[in-house]
Amino acid sequence: ADRQHFEAFQRAHALDTVLAVALDGALEFAIALNDTLRPSAKGTTDELRRLGCSVAMLTGDAALAATPVAQSLGIHEFRSSMLPSEKQAWVVASEKSGARTLMLGDGINDANALAAASVGVAMGEGCAALAARSADICIMSNDLMLLPQSINLCRYARKLVKLNIALVAFIKVATIVLALLGLLPLWLAVLVDVGSLILVLLVSVSVLRYPCWASLEEEEDNPEGDEGV
């Protein structure tokens, strides 16, 4: 009867790790273990997709543990039971196919893949030292939302760089043309040159007001929110 009860419990928790506790050969109780997602995990994957990123999960955990996590996050492409060399090979293959990859990891097993990716991001306050050394970026926080927010901020900063280059190029060309035609005196040319520098600075500082960290400010205002495991 105990065996039948345990097998029924296993079937009911087919995607979990099931442990049995027995005393003197008699089944006392069974425990189903599974991974608990951080509260920001689903929001992070959704935000990455909104930014146009394809999300894949590479893990050394068994398929029984990886499958429910991937399903909860809506990740269709995932690999389980992967060795560090297999993670690296997957990243290298993605790079050769023409995709720019960003690898996020926090453990020793992720170090090779972090080094092989176009951008390697080591994340977490307790991330392994080897992973941190292999990565291009270290985010010293456990908040996963920092990743899409950082991507969003970088994209905005790149737009500002392009805008500044276009503005300066236009002003310089216009100044040269007007000066050659004798329509621009020297003092005004100097004033325009200084003004273009000030304009670039004003455009650049707008990145400080870009609201990419809004969710973090909300969390600071609500410190009693749930914490991830």
# chains A, B, ... in the order shown; residues from 1 in each chain; ligands from 1
$ select_by_dssp --residues "range 1-75 of chain A" --states "alpha helix (DSSP H)" --output "JSON list (two decimals) with all heavy atoms, in the first residue's frame"
[["chain", "number", "residue", "atom", "x", "y", "z"],
["A", 2, "ASP", "N", 1.96, 1.23, 0.81],
["A", 2, "ASP", "CA", 2.86, 2.38, 0.84],
["A", 2, "ASP", "C", 3.47, 2.63, -0.53],
["A", 2, "ASP", "O", 3.59, 3.77, -0.97],
["A", 2, "ASP", "CB", 3.96, 2.15, 1.88],
["A", 2, "ASP", "CG", 3.44, 2.23, 3.30],
["A", 2, "ASP", "OD1", 2.31, 2.75, 3.48],
["A", 2, "ASP", "OD2", 4.13, 1.78, 4.22],
["A", 3, "ARG", "N", 3.88, 1.58, -1.20],
["A", 3, "ARG", "CA", 4.49, 1.71, -2.52],
["A", 3, "ARG", "C", 3.49, 2.32, -3.51],
["A", 3, "ARG", "O", 3.85, 3.18, -4.31],
["A", 3, "ARG", "CB", 4.97, 0.35, -3.02],
["A", 3, "ARG", "CG", 5.69, 0.41, -4.37],
["A", 3, "ARG", "CD", 6.13, -0.97, -4.82],
["A", 3, "ARG", "NE", 6.85, -0.90, -6.07],
["A", 3, "ARG", "CZ", 8.15, -0.66, -6.16],
["A", 3, "ARG", "NH1", 8.87, -0.48, -5.08],
["A", 3, "ARG", "NH2", 8.73, -0.62, -7.35],
["A", 4, "GLN", "N", 2.27, 1.86, -3.45],
["A", 4, "GLN", "CA", 1.25, 2.37, -4.35],
["A", 4, "GLN", "C", 0.98, 3.86, -4.08],
["A", 4, "GLN", "O", 0.84, 4.66, -5.02],
["A", 4, "GLN", "CB", -0.04, 1.57, -4.19],
["A", 4, "GLN", "CG", 0.07, 0.13, -4.68],
["A", 4, "GLN", "CD", -1.21, -0.64, -4.43],
["A", 4, "GLN", "OE1", -2.09, -0.18, -3.69],
["A", 4, "GLN", "NE2", -1.31, -1.83, -5.01],
["A", 5, "HIS", "N", 0.94, 4.22, -2.81],
["A", 5, "HIS", "CA", 0.72, 5.62, -2.46],
["A", 5, "HIS", "C", 1.89, 6.49, -2.95],
["A", 5, "HIS", "O", 1.68, 7.60, -3.46],
["A", 5, "HIS", "CB", 0.57, 5.77, -0.95],
["A", 5, "HIS", "CG", -0.72, 5.21, -0.43],
["A", 5, "HIS", "ND1", -0.90, 4.83, 0.89],
["A", 5, "HIS", "CD2", -1.90, 4.94, -1.05],
["A", 5, "HIS", "CE1", -2.11, 4.37, 1.06],
["A", 5, "HIS", "NE2", -2.74, 4.41, -0.11],
["A", 6, "PHE", "N", 3.10, 5.96, -2.79],
["A", 6, "PHE", "CA", 4.27, 6.73, -3.22],
["A", 6, "PHE", "C", 4.30, 6.88, -4.74],
["A", 6, "PHE", "O", 4.60, 7.96, -5.26],
["A", 6, "PHE", "CB", 5.55, 6.05, -2.74],
["A", 6, "PHE", "CG", 6.81, 6.79, -3.13],
["A", 6, "PHE", "CD1", 7.10, 8.02, -2.56],
["A", 6, "PHE", "CD2", 7.68, 6.28, -4.07],
["A", 6, "PHE", "CE1", 8.25, 8.72, -2.91],
["A", 6, "PHE", "CE2", 8.83, 6.96, -4.43],
["A", 6, "PHE", "CZ", 9.11, 8.18, -3.85],
["A", 7, "GLU", "N", 3.99, 5.81, -5.47],
["A", 7, "GLU", "CA", 3.96, 5.87, -6.93],
["A", 7, "GLU", "C", 2.88, 6.84, -7.42],
["A", 7, "GLU", "O", 3.08, 7.58, -8.39],
["A", 7, "GLU", "CB", 3.75, 4.47, -7.52],
["A", 7, "GLU", "CG", 4.94, 3.55, -7.33],
["A", 7, "GLU", "CD", 4.68, 2.15, -7.84],
["A", 7, "GLU", "OE1", 3.51, 1.86, -8.16],
["A", 7, "GLU", "OE2", 5.63, 1.35, -7.92],
["A", 8, "ALA", "N", 1.75, 6.86, -6.73],
["A", 8, "ALA", "CA", 0.69, 7.81, -7.09],
["A", 8, "ALA", "C", 1.15, 9.24, -6.83],
["A", 8, "ALA", "O", 0.86, 10.16, -7.62],
["A", 8, "ALA", "CB", -0.57, 7.50, -6.28],
["A", 9, "PHE", "N", 1.89, 9.44, -5.74],
["A", 9, "PHE", "CA", 2.42, 10.77, -5.44],
["A", 9, "PHE", "C", 3.44, 11.19, -6.49],
["A", 9, "PHE", "O", 3.47, 12.35, -6.92],
["A", 9, "PHE", "CB", 3.07, 10.75, -4.04],
["A", 9, "PHE", "CG", 3.53, 12.09, -3.56],
["A", 9, "PHE", "CD1", 2.63, 13.00, -3.01],
["A", 9, "PHE", "CD2", 4.87, 12.46, -3.65],
["A", 9, "PHE", "CE1", 3.06, 14.23, -2.56],
["A", 9, "PHE", "CE2", 5.30, 13.69, -3.20],
["A", 9, "PHE", "CZ", 4.39, 14.59, -2.66],
["A", 10, "GLN", "N", 4.27, 10.26, -6.95],
["A", 10, "GLN", "CA", 5.24, 10.55, -8.00],
["A", 10, "GLN", "C", 4.54, 10.96, -9.29],
["A", 10, "GLN", "O", 4.98, 11.89, -9.98],
["A", 10, "GLN", "CB", 6.14, 9.33, -8.26],
["A", 10, "GLN", "CG", 7.26, 9.13, -7.25],
["A", 10, "GLN", "CD", 8.14, 7.97, -7.62],
["A", 10, "GLN", "OE1", 7.67, 6.86, -7.86],
["A", 10, "GLN", "NE2", 9.44, 8.22, -7.69],
["A", 11, "ARG", "N", 3.50, 10.24, -9.66],
["A", 11, "ARG", "CA", 2.77, 10.57, -10.89],
["A", 11, "ARG", "C", 2.12, 11.95, -10.79],
["A", 11, "ARG", "O", 2.06, 12.70, -11.77],
["A", 11, "ARG", "CB", 1.71, 9.50, -11.17],
["A", 11, "ARG", "CG", 2.28, 8.17, -11.62],
["A", 11, "ARG", "CD", 1.18, 7.26, -12.16],
["A", 11, "ARG", "NE", 0.21, 6.92, -11.13],
["A", 11, "ARG", "CZ", 0.31, 5.85, -10.35],
["A", 11, "ARG", "NH1", 1.35, 5.02, -10.47],
["A", 11, "ARG", "NH2", -0.62, 5.60, -9.43],
["A", 12, "ALA", "N", 1.65, 12.28, -9.60],
["A", 12, "ALA", "CA", 1.02, 13.59, -9.41],
["A", 12, "ALA", "C", 2.03, 14.73, -9.45],
["A", 12, "ALA", "O", 1.66, 15.88, -9.71],
["A", 12, "ALA", "CB", 0.27, 13.62, -8.09],
["A", 41, "ALA", "N", 11.47, 37.13, -12.49],
["A", 41, "ALA", "CA", 11.90, 36.29, -13.62],
["A", 41, "ALA", "C", 10.97, 36.40, -14.81],
["A", 41, "ALA", "O", 11.41, 36.61, -15.95],
["A", 41, "ALA", "CB", 12.02, 34.84, -13.16],
["A", 42, "LYS", "N", 9.66, 36.26, -14.58],
["A", 42, "LYS", "CA", 8.70, 36.32, -15.69],
["A", 42, "LYS", "C", 8.68, 37.69, -16.33],
["A", 42, "LYS", "O", 8.67, 37.83, -17.56],
["A", 42, "LYS", "CB", 7.29, 35.98, -15.17],
["A", 42, "LYS", "CG", 6.25, 35.84, -16.28],
["A", 42, "LYS", "CD", 6.57, 34.67, -17.19],
["A", 42, "LYS", "CE", 5.40, 34.34, -18.13],
["A", 42, "LYS", "NZ", 5.08, 35.43, -19.05],
["A", 43, "GLY", "N", 8.71, 38.74, -15.52],
["A", 43, "GLY", "CA", 8.74, 40.09, -16.06],
["A", 43, "GLY", "C", 10.00, 40.35, -16.87],
["A", 43, "GLY", "O", 9.95, 41.07, -17.89],
["A", 44, "THR", "N", 11.12, 39.75, -16.45],
["A", 44, "THR", "CA", 12.37, 39.94, -17.17],
["A", 44, "THR", "C", 12.31, 39.32, -18.56],
["A", 44, "THR", "O", 12.69, 39.95, -19.56],
["A", 44, "THR", "CB", 13.54, 39.33, -16.37],
["A", 44, "THR", "OG1", 13.66, 40.02, -15.12],
["A", 44, "THR", "CG2", 14.84, 39.45, -17.13],
["A", 45, "THR", "N", 11.86, 38.08, -18.65],
["A", 45, "THR", "CA", 11.78, 37.42, -19.95],
["A", 45, "THR", "C", 10.78, 38.12, -20.86],
["A", 45, "THR", "O", 11.03, 38.26, -22.07],
["A", 45, "THR", "CB", 11.40, 35.94, -19.79],
["A", 45, "THR", "OG1", 10.18, 35.84, -19.02],
["A", 45, "THR", "CG2", 12.49, 35.18, -19.05],
["A", 46, "ASP", "N", 9.66, 38.59, -20.31],
["A", 46, "ASP", "CA", 8.68, 39.31, -21.12],
["A", 46, "ASP", "C", 9.28, 40.62, -21.65],
["A", 46, "ASP", "O", 9.06, 40.99, -22.82],
["A", 46, "ASP", "CB", 7.43, 39.61, -20.29],
["A", 46, "ASP", "CG", 6.63, 38.37, -19.97],
["A", 46, "ASP", "OD1", 6.84, 37.34, -20.64],
["A", 46, "ASP", "OD2", 5.81, 38.42, -19.02],
["A", 47, "GLU", "N", 10.03, 41.31, -20.81],
["A", 47, "GLU", "CA", 10.64, 42.58, -21.22],
["A", 47, "GLU", "C", 11.72, 42.35, -22.28],
["A", 47, "GLU", "O", 11.85, 43.14, -23.23],
["A", 47, "GLU", "CB", 11.23, 43.29, -20.01],
["A", 47, "GLU", "CG", 11.83, 44.66, -20.29],
["A", 47, "GLU", "CD", 10.79, 45.69, -20.70],
["A", 47, "GLU", "OE1", 9.59, 45.41, -20.57],
["A", 47, "GLU", "OE2", 11.20, 46.77, -21.18],
["A", 48, "LEU", "N", 12.49, 41.28, -22.16],
["A", 48, "LEU", "CA", 13.50, 40.96, -23.16],
["A", 48, "LEU", "C", 12.85, 40.69, -24.52],
["A", 48, "LEU", "O", 13.37, 41.12, -25.56],
["A", 48, "LEU", "CB", 14.32, 39.75, -22.72],
["A", 48, "LEU", "CG", 15.30, 39.99, -21.57],
["A", 48, "LEU", "CD1", 15.91, 38.67, -21.10],
["A", 48, "LEU", "CD2", 16.41, 40.96, -21.99],
["A", 49, "ARG", "N", 11.74, 39.97, -24.51],
["A", 49, "ARG", "CA", 11.03, 39.74, -25.78],
["A", 49, "ARG", "C", 10.50, 41.04, -26.35],
["A", 49, "ARG", "O", 10.51, 41.24, -27.57],
["A", 49, "ARG", "CB", 9.89, 38.74, -25.56],
["A", 49, "ARG", "CG", 10.36, 37.34, -25.19],
["A", 49, "ARG", "CD", 9.19, 36.35, -25.22],
["A", 49, "ARG", "NE", 9.57, 35.08, -24.63],
["A", 49, "ARG", "CZ", 9.36, 34.74, -23.37],
["A", 49, "ARG", "NH1", 8.76, 35.60, -22.56],
["A", 49, "ARG", "NH2", 9.74, 33.56, -22.91],
["A", 50, "ARG", "N", 10.01, 41.92, -25.49],
["A", 50, "ARG", "CA", 9.51, 43.22, -25.97],
["A", 50, "ARG", "C", 10.61, 44.03, -26.63],
["A", 50, "ARG", "O", 10.37, 44.79, -27.57],
["A", 50, "ARG", "CB", 8.90, 44.00, -24.80],
["A", 50, "ARG", "CG", 8.12, 45.24, -25.22],
["A", 50, "ARG", "CD", 7.75, 46.09, -24.03],
["A", 50, "ARG", "NE", 8.92, 46.70, -23.41],
["A", 50, "ARG", "CZ", 9.52, 47.79, -23.88],
["A", 50, "ARG", "NH1", 9.06, 48.39, -24.97],
["A", 50, "ARG", "NH2", 10.56, 48.30, -23.27],
["A", 63, "ALA", "N", 16.14, 17.40, -17.07],
["A", 63, "ALA", "CA", 14.96, 17.86, -17.81],
["A", 63, "ALA", "C", 13.74, 17.99, -16.92],
["A", 63, "ALA", "O", 12.93, 18.89, -17.09],
["A", 63, "ALA", "CB", 14.68, 16.90, -18.97],
["A", 64, "LEU", "N", 13.61, 17.08, -15.91],
["A", 64, "LEU", "CA", 12.45, 17.13, -15.02],
["A", 64, "LEU", "C", 12.41, 18.42, -14.22],
["A", 64, "LEU", "O", 11.33, 18.92, -13.89],
["A", 64, "LEU", "CB", 12.46, 15.93, -14.08],
["A", 64, "LEU", "CG", 12.12, 14.57, -14.70],
["A", 64, "LEU", "CD1", 12.21, 13.47, -13.66],
["A", 64, "LEU", "CD2", 10.71, 14.61, -15.29],
["A", 65, "ALA", "N", 13.59, 18.96, -13.91],
["A", 65, "ALA", "CA", 13.65, 20.22, -13.17],
["A", 65, "ALA", "C", 13.57, 21.43, -14.10],
["A", 65, "ALA", "O", 13.00, 22.46, -13.74],
["A", 65, "ALA", "CB", 14.92, 20.28, -12.34],
["A", 66, "ALA", "N", 14.16, 21.31, -15.28],
["A", 66, "ALA", "CA", 14.23, 22.45, -16.20],
["A", 66, "ALA", "C", 12.90, 22.72, -16.91],
["A", 66, "ALA", "O", 12.55, 23.87, -17.16],
["A", 66, "ALA", "CB", 15.32, 22.21, -17.23],
["A", 67, "THR", "N", 12.17, 21.65, -17.22],
["A", 67, "THR", "CA", 10.94, 21.81, -18.00],
["A", 67, "THR", "C", 9.90, 22.72, -17.35],
["A", 67, "THR", "O", 9.40, 23.65, -17.99],
["A", 67, "THR", "CB", 10.32, 20.43, -18.31],
["A", 67, "THR", "OG1", 11.26, 19.66, -19.06],
["A", 67, "THR", "CG2", 9.04, 20.59, -19.10],
["A", 68, "PRO", "N", 9.54, 22.51, -16.06],
["A", 68, "PRO", "CA", 8.53, 23.40, -15.46],
["A", 68, "PRO", "C", 8.99, 24.84, -15.36],
["A", 68, "PRO", "O", 8.18, 25.77, -15.47],
["A", 68, "PRO", "CB", 8.29, 22.78, -14.08],
["A", 68, "PRO", "CG", 9.49, 21.95, -13.80],
["A", 68, "PRO", "CD", 9.95, 21.44, -15.13],
["A", 69, "VAL", "N", 10.31, 25.06, -15.18],
["A", 69, "VAL", "CA", 10.83, 26.43, -15.12],
["A", 69, "VAL", "C", 10.67, 27.10, -16.48],
["A", 69, "VAL", "O", 10.19, 28.24, -16.58],
["A", 69, "VAL", "CB", 12.31, 26.42, -14.69],
["A", 69, "VAL", "CG1", 12.89, 27.83, -14.80],
["A", 69, "VAL", "CG2", 12.45, 25.90, -13.27],
["A", 70, "ALA", "N", 11.06, 26.39, -17.55],
["A", 70, "ALA", "CA", 10.94, 26.95, -18.89],
["A", 70, "ALA", "C", 9.48, 27.23, -19.24],
["A", 70, "ALA", "O", 9.15, 28.26, -19.83],
["A", 70, "ALA", "CB", 11.57, 26.00, -19.91],
["A", 71, "GLN", "N", 8.60, 26.33, -18.87],
["A", 71, "GLN", "CA", 7.17, 26.50, -19.16],
["A", 71, "GLN", "C", 6.60, 27.70, -18.40],
["A", 71, "GLN", "O", 5.80, 28.46, -18.95],
["A", 71, "GLN", "CB", 6.41, 25.23, -18.80],
["A", 71, "GLN", "CG", 6.71, 24.05, -19.72],
["A", 71, "GLN", "CD", 6.00, 22.78, -19.28],
["A", 71, "GLN", "OE1", 5.51, 22.68, -18.15],
["A", 71, "GLN", "NE2", 5.95, 21.79, -20.16],
["A", 72, "SER", "N", 7.03, 27.88, -17.16],
["A", 72, "SER", "CA", 6.54, 29.01, -16.36],
["A", 72, "SER", "C", 6.96, 30.34, -16.96],
["A", 72, "SER", "O", 6.23, 31.33, -16.85],
["A", 72, "SER", "CB", 7.05, 28.90, -14.93],
["A", 72, "SER", "OG", 6.60, 27.71, -14.30],
["A", 73, "LEU", "N", 8.12, 30.36, -17.58],
["A", 73, "LEU", "CA", 8.65, 31.59, -18.16],
["A", 73, "LEU", "C", 8.27, 31.77, -19.62],
["A", 73, "LEU", "O", 8.60, 32.79, -20.23],
["A", 73, "LEU", "CB", 10.18, 31.62, -18.03],
["A", 73, "LEU", "CG", 10.73, 31.61, -16.60],
["A", 73, "LEU", "CD1", 12.25, 31.53, -16.62],
["A", 73, "LEU", "CD2", 10.27, 32.85, -15.84]]
$ select_by_dssp --residues "range 5-172 of chain A" --states "strand (DSSP E)" --output "PyMOL selection string"
chain A and resi 17-23+26-33+56-58+77-79+102-105+119-123+137-139
$ residues_around --residues "Val200 in chain A" --least-positions-apart "6" --cutoff "9 Å" --atoms "only C-alpha atoms" --output "list in words"
Leu163, Asn164, Ile165, Leu167 and Val168 of chain A
$ closest_atom_pairs --of "range 94-211 of chain A" --to "range 20-38 of chain A" --cutoff "12 Å" --atoms "only C-alpha atoms" --output "CSV"
residue,atom,partner,partner_atom,distance
A:Asn142,CA,A:Arg38,CA,9.2
A:Asp143,CA,A:Arg38,CA,8.6
A:Leu144,CA,A:Arg38,CA,8.4
A:Met145,CA,A:Arg38,CA,10.6
$ atom_distance --atom1 "CA of Leu208 in chain A" --atom2 "CA of Gly195 in chain A"
21.1 Å
$ residues_around --residues "range 104-109 of chain A" --least-positions-apart "6" --cutoff "6 Å" --atoms "only C-alpha atoms" --output "PyMOL selection string"
chain A and resi 84+121-123+127-128+130-131
$ closest_residue --among "A:Cys53, A:Met82, A:Val91, A:Val190" --to "Met103 in chain A" --atoms "only C-alpha atoms"
A:Val91
$ atom_distance --atom1 "CA of Ala99 in chain A" --atom2 "CA of Ala111 in chain A"
19.7 Å
$ residues_around --residues "Glu77 in chain A" --least-positions-apart "5" --cutoff "8 Å" --atoms "only C-alpha atoms" --output "PDB file with C-alpha atoms, in the first residue's frame"
ATOM      1  CA  VAL A  55      15.301  34.044 -24.964  1.00  0.00           C
ATOM      2  CA  ALA A  56      16.838  30.581 -24.491  1.00  0.00           C
ATOM      3  CA  MET A  57      17.651  28.724 -21.268  1.00  0.00           C
TER       4      MET A  57
END
$ residues_around --residues "Gly120 in chain A" --least-positions-apart "4" --cutoff "6 Å" --atoms "only C-alpha atoms" --output "JSON list (two decimals) with all heavy atoms, in the first residue's frame"
[["chain", "number", "residue", "atom", "x", "y", "z"],
["A", 102, "LEU", "N", 23.94, 37.29, -25.96],
["A", 102, "LEU", "CA", 24.24, 37.78, -24.62],
["A", 102, "LEU", "C", 24.00, 36.62, -23.66],
["A", 102, "LEU", "O", 22.91, 36.06, -23.60],
["A", 102, "LEU", "CB", 23.35, 38.96, -24.26],
["A", 102, "LEU", "CG", 23.61, 39.63, -22.90],
["A", 102, "LEU", "CD1", 23.27, 41.12, -22.96],
["A", 102, "LEU", "CD2", 22.82, 38.96, -21.77],
["A", 103, "MET", "N", 25.04, 36.23, -22.95],
["A", 103, "MET", "CA", 24.97, 35.11, -22.02],
["A", 103, "MET", "C", 24.92, 35.65, -20.60],
["A", 103, "MET", "O", 25.76, 36.45, -20.19],
["A", 103, "MET", "CB", 26.19, 34.20, -22.19],
["A", 103, "MET", "CG", 26.28, 33.06, -21.20],
["A", 103, "MET", "SD", 24.98, 31.84, -21.45],
["A", 103, "MET", "CE", 25.29, 30.73, -20.05],
["A", 114, "LEU", "N", 30.18, 32.40, -21.01],
["A", 114, "LEU", "CA", 30.24, 33.85, -20.84],
["A", 114, "LEU", "C", 31.37, 34.44, -21.69],
["A", 114, "LEU", "O", 31.21, 35.50, -22.30],
["A", 114, "LEU", "CB", 30.45, 34.20, -19.37],
["A", 114, "LEU", "CG", 29.26, 33.98, -18.43],
["A", 114, "LEU", "CD1", 29.70, 34.14, -16.98],
["A", 114, "LEU", "CD2", 28.14, 34.95, -18.75],
["A", 135, "ALA", "N", 33.30, 37.32, -17.66],
["A", 135, "ALA", "CA", 32.23, 38.15, -18.22],
["A", 135, "ALA", "C", 32.75, 39.52, -18.63],
["A", 135, "ALA", "O", 33.80, 39.98, -18.18],
["A", 135, "ALA", "CB", 31.11, 38.29, -17.21],
["A", 136, "ASP", "N", 31.99, 40.17, -19.52],
["A", 136, "ASP", "CA", 32.30, 41.54, -19.92],
["A", 136, "ASP", "C", 31.68, 42.54, -18.94],
["A", 136, "ASP", "O", 32.19, 43.64, -18.76],
["A", 136, "ASP", "CB", 31.75, 41.81, -21.32],
["A", 136, "ASP", "CG", 32.32, 40.85, -22.36],
["A", 136, "ASP", "OD1", 33.52, 40.90, -22.59],
["A", 136, "ASP", "OD2", 31.54, 40.05, -22.92]]
$ atom_distance --atom1 "CA of Tyr210 in chain A" --atom2 "CA of Arg155 in chain A"
11.3 Å
